[in-house]
Each structure stands twice: as structure tokens, then as C-alpha cells.
There are 2 protein chains.
Amino acid sequence: MESSGTKHTRRSRATRDALVAAARGLFAERGYAGVGTEEIVRAAGVTRGALYHQFRDKTDLFDATVQAVEAELTGRIAGQVMGAATDPVLALKAGARAFLEAFAEPDVERILLLDAPGVLGWRRWREIGQEHGLGVISKALEAAMASGALAARPVAPLAHVLLGALDEAALMVAHSDDPEATRVEMAETLEHLLDGLLTRDGR
Amino acid sequence: MESSGTKHTRRSRATRDALVAAARGLFAERGYAGVGTEEIVRAAGVTRGALYHQFRDKTDLFDATVQAVEAELTGRIAGQVMGAATDPVLALKAGARAFLEAFAEPDVERILLLDAPGVLGWRRWREIGQEHGLGVISKALEAAMASGALAARPVAPLAHVLLGALDEAALMVAHSDDPEATRVEMAETLEHLLDGLLTRDGR
DNA sequence: TCAAATTGCATACAGACTGTATGTACGTAG
DNA sequence: CTACGTACATACAGTCTGTATGCAATTTGA
């Protein structure tokens with residue numbers, strides 16, 4: 001099997017990937033506004049011409065970077081959650097813990113949580129999250145409601161609100177002087193929050 | 001009573017206020033990165049020289065703007081919350097509704113929720129929020145715990161997580177096609193979340 | 001198979017924006 | 001009244017983004 005596509009498209013994909021990879025590292029380290037396009041292309045081994053051929057502008061490259069981080073992240077989390085998915089409530093809690101671990105990493109924190117909303121705008125930010133983290137939460141909530149463990153309620157607003165809580169918890173972990181202790185503390189807080197959503201006879 | 005201070009300090013305060021006011025309007029409309037310092041000083045009726053005399057750099061002006069928005073906001077909310085403050089749980093719920101109304105406004109949304117984390121960094125962002133919104137929530141939670149209505153738990157992590165939920169809810173309201181309906185829906189979702197935190201015999 | 005068109009990218013350039021350095025008028029203190 | 005400090009204006013240098021142009025490699029189609 002050959003790497004799919006014509007020689008042109010293969011070259012294109014290679015440059016795109018190199019640019020996104022370089023951008024990811026630099027954006028994670030110093031933020032979207034803190035790193036110029038020149039430095040990105042140098043790290044990727046191409047020129048600015050290649051960047052502006054592949055992407056409309058700098059925010060378009062950032063958009064692709066956000067998608068890449070989200071995709072990798074969701075893949076990792078989905079694995080951990082599906083592992084313990086016999087009980088939908090346990091799956092929710094496991095998911096929360098997995099989120100907490102993953103989102104505390106520097107590139108996830110800086111790119112997804114701090115810069116993305118301002119650079120891409122909330123709408124686009126959540127649009128990307130919809131197919132990833134937000135989608136996972138929504139499905140988990142629906143499953144838990146279907147099983148009767150969670151009181152039936154509109155899923156979308158609850159999923160958003162919980163994601164907001166998770167994001168903030170991750171930021172606390174990321175900036176803590178003692179991340180390990182904080183992670184445990186935040187996980188307990190989140191479980192407490194989830195327990196409150198259970199139907200009373202369900203516990 | 002005369003406007004306090006010497007003539008110099010009075011002039012200084014006037015320019016600072018004019019700059020912050022102008023910045024607030026423009027940042028709210030087009031975001032921190034979307035408006036240059038030249039436009040701000042023109043709107044404020046001064047020159048860039050004045051800006052860089054009063055503030056270290058553009059982010060320093062933004063910092064002051066964030067503080068101004070937070071301060072005004074908290075004042076408004078505190079009033080509404082203290083009004084219904086006989087029952088600490090009712091106070092919490094009233095506070096949540098007040099937040100939801102206030103944070104849906106365009107300048108609060110764009111400045112406080114979208115741009116501030118990325119521009120100022122999470123640490124500074126929450127540092128400012130500590131003396132305002134976050135502080136209000138913490139006090140309300142402590143009161144509710146003291147009254148026995150809420151299970152006793154570490155306050156700080158819970159306050160952060162709830163603030164994250166509130167922020168996300170406000171963003172949903174701000175971007176909804178039908179803000180009124182969404183506000184009601186989000187308020188109910190938040191109350192549901194808060195109800196889950198009540199001690200069982202408390203309801 | 002060879003010319004024409006397209007793709008991918010490099011280079012050069014124009015505009016905008018931030019922060020700084022320098023100059024000046026007004027207040028204030030001794 | 002003199003000497004200094006404060007508040008501000010203007011001019012400038014450096015940097016960064018996005019665009020226009022040119023060129024080489026590849027693909028198309030006749």
C-alpha cells in the first residue's frame with residue numbers, strides 16, 4: 001500500500017502536519033499572540049509562503065491546531081472511559097478523572113482553555129468541542145439518564161455546564177503548587193457534584 | 001467638598017478613566033486583539049503618549065478595564081443577592097440568576113470570559129475574580145454550609161467549579177438565538193446542580 | 001509524448017501596530 | 001521666583017501579518 005494520494009497531495013499533507021505540529025509546541029509554550037509565523041515556519045522547516053498557501057491566515061492555522069489537540073485528547077480519554085463503562089455513572093466519574101489528568105497538560109491548557117475562546121470565538125470553540133469532549137459528555141449523560149441513574153433533563157445545557165466545571169477544575173490543577181493533591185481534591189469535588197445529580201433512590 | 005487630590009492627580013484620574021471607558025467599549029465590540037491603541041486614545045480624546053504614561057503597556061490597560069467591568073458587575077449583583085438573603089440557599093440561587101443576566105451582556109462576555117484568560121493569563125484572571133465574583137460565591141457557600149443546608153466541604157474548589165459552570169452558562173445565553181428562553185433553561189439547570197449539593201434532610 | 005495548466009512553495013513588499021525616546025507645557029515645592 | 005517633577009504630545013524604530021509575484025515540480029489532455 002502506498003501513502004494514499006498523488007504526490008502533490010502527499011506533499012501538502014506533510015507540510016500541513018509539520019506546520020500544525022510546530023505550531024502546537026510553540027503556541028503551547030508561549031501562547032497564540034506570543035509566537036510569530038516566522039518562528040513557526042522555521043520550526044516546521046518551511047517558509048511563510050507555505051503557511052499562507054496551506055492556511056488562510058494565522059487563526060486558520062490555530063484552528064487546525066486546536067482540532068488536532070482535541071482529537072488526540074478525546075481519543076485518549078474515550079479509551080479510559082469505555083474501559084469502565086459497565087455502569088454509566090462510573091463511566092461519568094471515570095471520564096471526569098480522565099479529563100482532569102489530560103487537561104492539566106500545558107499545551108491542552110494554554111491552547112484549548114486559555115487562547116482558543118478568545119482567538120476563535122466562543123461559537124467556533126464550542127463547535128470544535130462538540131465533536132470531541134462535549135460530545136463525549138453528552139453521550140455519557142444520555143446513557144446515564146436512560147439507565148435511570150440520572151434524573152431525565154435537557155442534556156445540552158447540563159453537558160455545557162459540566163464541561164465548564166471540568167475546564168475550571170483542570171485550570172486549577174494546572175496552576176496548583178501541588179498538582180497531585182489538587183487533582184485529587186478537584187476529582188472529589190466533581191464527584192460530589194455528579195452525585196447530586198443522581199436520582200435519590202439510585203444511590 | 002472638592003474633587004479630592006491635587007490638580008495633577010485629578011487630571012491623571014480623568015485621563016485614566018477616559019482611557020478605561022474608551023477601551024471598555026472598543027474591546028467589548030471587537031476584542032482585545034481587534035482594536036489598536038491609536039483608536040482607543042482617539043476615542044478617549046488623548047494621545048498614545050498619555051496611554052503609555054498612565055499604563056505600562058496595552059495589557060496593563062486591559063487589566064484595568066477588566067477590573068472596572070468586574071467591579072461594576074459585582075456591585076450590581078451583590079445588591080440583588082443581598083436582597084433575598086434571608087435563606088442562604090435562596091441567596092445562592094438568586095445570585096446564580098443575577099450572574100446569568102449580567103454575564104450575558106456583550107462587554108462582560110467578550111472582555112471577562114473570552115479575552116481575559118488568554119491575555120492576562122489564568123492566574124491573574126482569577127486573582128481579579130477573587131475579589132469579585134469568586135469572592136461572592138465563596139462567601140455564599142460558606143454561609144450555606146454554616147446554616148447546615150449545604151454539606152460541609154472545602155469551599156475553594158467548589159466555588160471555582162461552580163464559577164466555571166456559571167461562566168459557561170452565561171456564554172450559552174449570550175450566543176443563543178433565543179436568549180430569554182436559554183436564560184430560563186440555564187437557570188433551571190444551575191438550580192438543579194445546586195439542589196444536588198443540599199444535605200438530604202435539608203430539602 | 002509534449003505542451004499547457006495546475007499545484008506547492010519561496011521571496012519581496014506594503015501596511016499596521018506596539019513600545020520607546022525625546023521634547024514641552026503646566027504645577028508645585030522650597 | 002527658581003528649580004524640579006508631573007502629565008502629556010510627537011517622532012521613530014522594530015516587528016509582525018497578509019499579499020503579490022515568480023518559479024519549479026507535477027499532472028493533465030490531446
# chains A, B, ... in the order shown; residues from 1 in each chain; ligands from 1
$ closest_atom_pairs --of "chain A" --to "chain B" --cutoff "6 Å" --atoms "only C-alpha atoms" --output "tab-separated table"
residue	atom	partner	partner_atom	distance
A:Leu114	CA	B:Gly118	CA	4.6
A:Asp115	CA	B:Gly118	CA	4.8
A:Pro117	CA	B:Leu114	CA	5.4
A:Gly118	CA	B:Leu114	CA	4.6
A:Val161	CA	B:Ala165	CA	4.6
A:Gly164	CA	B:Ala165	CA	4.7
A:Ala165	CA	B:Val161	CA	4.5
A:Glu168	CA	B:Gly164	CA	5.2
A:Ala169	CA	B:Val161	CA	5.9
A:Gly196	CA	B:Gly196	CA	3.6
A:Leu197	CA	B:Gly196	CA	5.6
$ residues_around --residues "C:DT20" --least-positions-apart "6" --cutoff "10 Å" --atoms "only C-alpha atoms (C1' of nucleotides)" --output "list in words"
Tyr52 of chain B; DC12 and DA13 of chain D
$ write_last_selection --atoms "N, CA and C atoms (P, O5', C5', C4', C3', O3' and C1' of nucleotides)" --output "PDB file, in the first residue's frame"
ATOM      1  N   TYR B  52       0.627  55.536  27.372  1.00  0.00           N
ATOM      2  CA  TYR B  52       1.843  54.866  27.844  1.00  0.00           C
ATOM      3  C   TYR B  52       2.462  55.583  29.041  1.00  0.00           C
TER       4      TYR B  52
ATOM      5  P    DC D  12      10.816  61.605  12.834  1.00  0.00           P
ATOM      6  O5'  DC D  12      11.273  60.204  13.435  1.00  0.00           O
ATOM      7  C5'  DC D  12      12.049  60.178  14.633  1.00  0.00           C
ATOM      8  C4'  DC D  12      12.233  58.749  15.097  1.00  0.00           C
ATOM      9  C3'  DC D  12      12.474  57.746  13.981  1.00  0.00           C
ATOM     10  O3'  DC D  12      13.647  57.011  14.271  1.00  0.00           O
ATOM     11  C1'  DC D  12      10.780  56.974  15.439  1.00  0.00           C
ATOM     12  P    DA D  13      14.394  56.165  13.092  1.00  0.00           P
ATOM     13  O5'  DA D  13      14.523  54.736  13.753  1.00  0.00           O
ATOM     14  C5'  DA D  13      14.800  54.625  15.153  1.00  0.00           C
ATOM     15  C4'  DA D  13      14.393  53.246  15.651  1.00  0.00           C
ATOM     16  C3'  DA D  13      14.670  52.116  14.664  1.00  0.00           C
ATOM     17  O3'  DA D  13      15.230  51.020  15.366  1.00  0.00           O
ATOM     18  C1'  DA D  13      12.395  52.105  15.258  1.00  0.00           C
TER      19       DA D  13
END
$ closest_residue --among "A:Ile40, A:Leu100, A:Ala152, A:Ile77" --to "A:His132" --atoms "only C-alpha atoms"
A:Ile77
$ residues_around --residues "C:DG30" --least-positions-apart "3" --cutoff "12 Å" --atoms "only C-alpha atoms (C1' of nucleotides)" --output "PyMOL selection string"
chain D and resi 1-4
$ closest_atom_pairs --of "chain B" --to "chain C" --cutoff "10 Å" --atoms "only C-alpha atoms (C1' of nucleotides)" --output "CSV"
residue,atom,partner,partner_atom,distance
B:Thr6,CA,C:DG27,C1',9.3
B:Lys7,CA,C:DG27,C1',7.7
B:His8,CA,C:DG27,C1',7.2
B:Val35,CA,C:DC17,C1',9.8
B:Gly36,CA,C:DC17,C1',6.8
B:Thr37,CA,C:DC17,C1',8.1
B:Glu38,CA,C:DC17,C1',8.7
B:Tyr52,CA,C:DG19,C1',8.5
B:Arg56,CA,C:DG19,C1',9.5
B:Asp57,CA,C:DG19,C1',7.7
B:Lys58,CA,C:DT18,C1',8.4
$ closest_residue --among "A:Ala43, A:Glu142, A:Pro106, A:Gln54" --to "A:Arg11" --atoms "only C-alpha atoms"
A:Gln54
$ interface_residues --of "chain B" --to "chain D" --cutoff "9 Å" --atoms "only C-alpha atoms (C1' of nucleotides)" --output "compact mmCIF listing (two decimals) with N, CA and C atoms, in the first residue's frame"
# COMPACT_ATOMS: atom_id res chain seq x y z
N HIS B 8 -2.76 67.83 39.61
CA HIS B 8 -2.09 66.79 38.84
C HIS B 8 -2.81 65.45 38.94
N ARG B 11 -6.14 65.36 37.17
CA ARG B 11 -6.00 65.21 35.72
C ARG B 11 -5.65 63.76 35.37
N SER B 12 -4.74 63.21 36.14
CA SER B 12 -4.36 61.82 35.92
C SER B 12 -5.58 60.89 35.97
N VAL B 46 -7.35 61.63 23.87
CA VAL B 46 -5.96 61.91 24.25
C VAL B 46 -5.04 61.33 23.18
N THR B 47 -3.75 61.23 23.50
CA THR B 47 -2.80 60.65 22.55
C THR B 47 -2.17 59.40 23.13
N ARG B 48 -1.42 58.71 22.31
CA ARG B 48 -0.77 57.49 22.79
C ARG B 48 0.24 57.79 23.88
N GLY B 49 0.76 58.96 23.87
CA GLY B 49 1.68 59.35 24.92
C GLY B 49 1.02 59.25 26.29
N ALA B 50 -0.19 59.73 26.38
CA ALA B 50 -0.93 59.66 27.64
C ALA B 50 -1.14 58.22 28.07
N HIS B 53 1.93 56.73 29.37
CA HIS B 53 2.33 57.34 30.63
C HIS B 53 1.52 56.74 31.78
N GLN B 54 0.25 56.51 31.55
CA GLN B 54 -0.62 56.01 32.61
C GLN B 54 -0.53 54.50 32.80
$ select_by_dssp --residues "stretch 72-202 of chain A" --states "alpha helix (DSSP H)" --output "PyMOL selection string"
chain A and resi 72-83+88-103+106-107+116-120+122-130+133-146+155-174+179-197
$ residues_around --residues "stretch 79-81 of chain B" --least-positions-apart "2" --cutoff "9 Å" --atoms "only C-alpha atoms (C1' of nucleotides)" --output "PyMOL selection string"
chain B and resi 74-77+83-85+90-96+98
$ atom_distance --atom1 "atom CA of A:Glu180" --atom2 "atom CA of A:Val89"
23.9 Å
$ atom_distance --atom1 "atom CA of B:Arg24" --atom2 "atom CA of B:Thr65"
6.0 Å
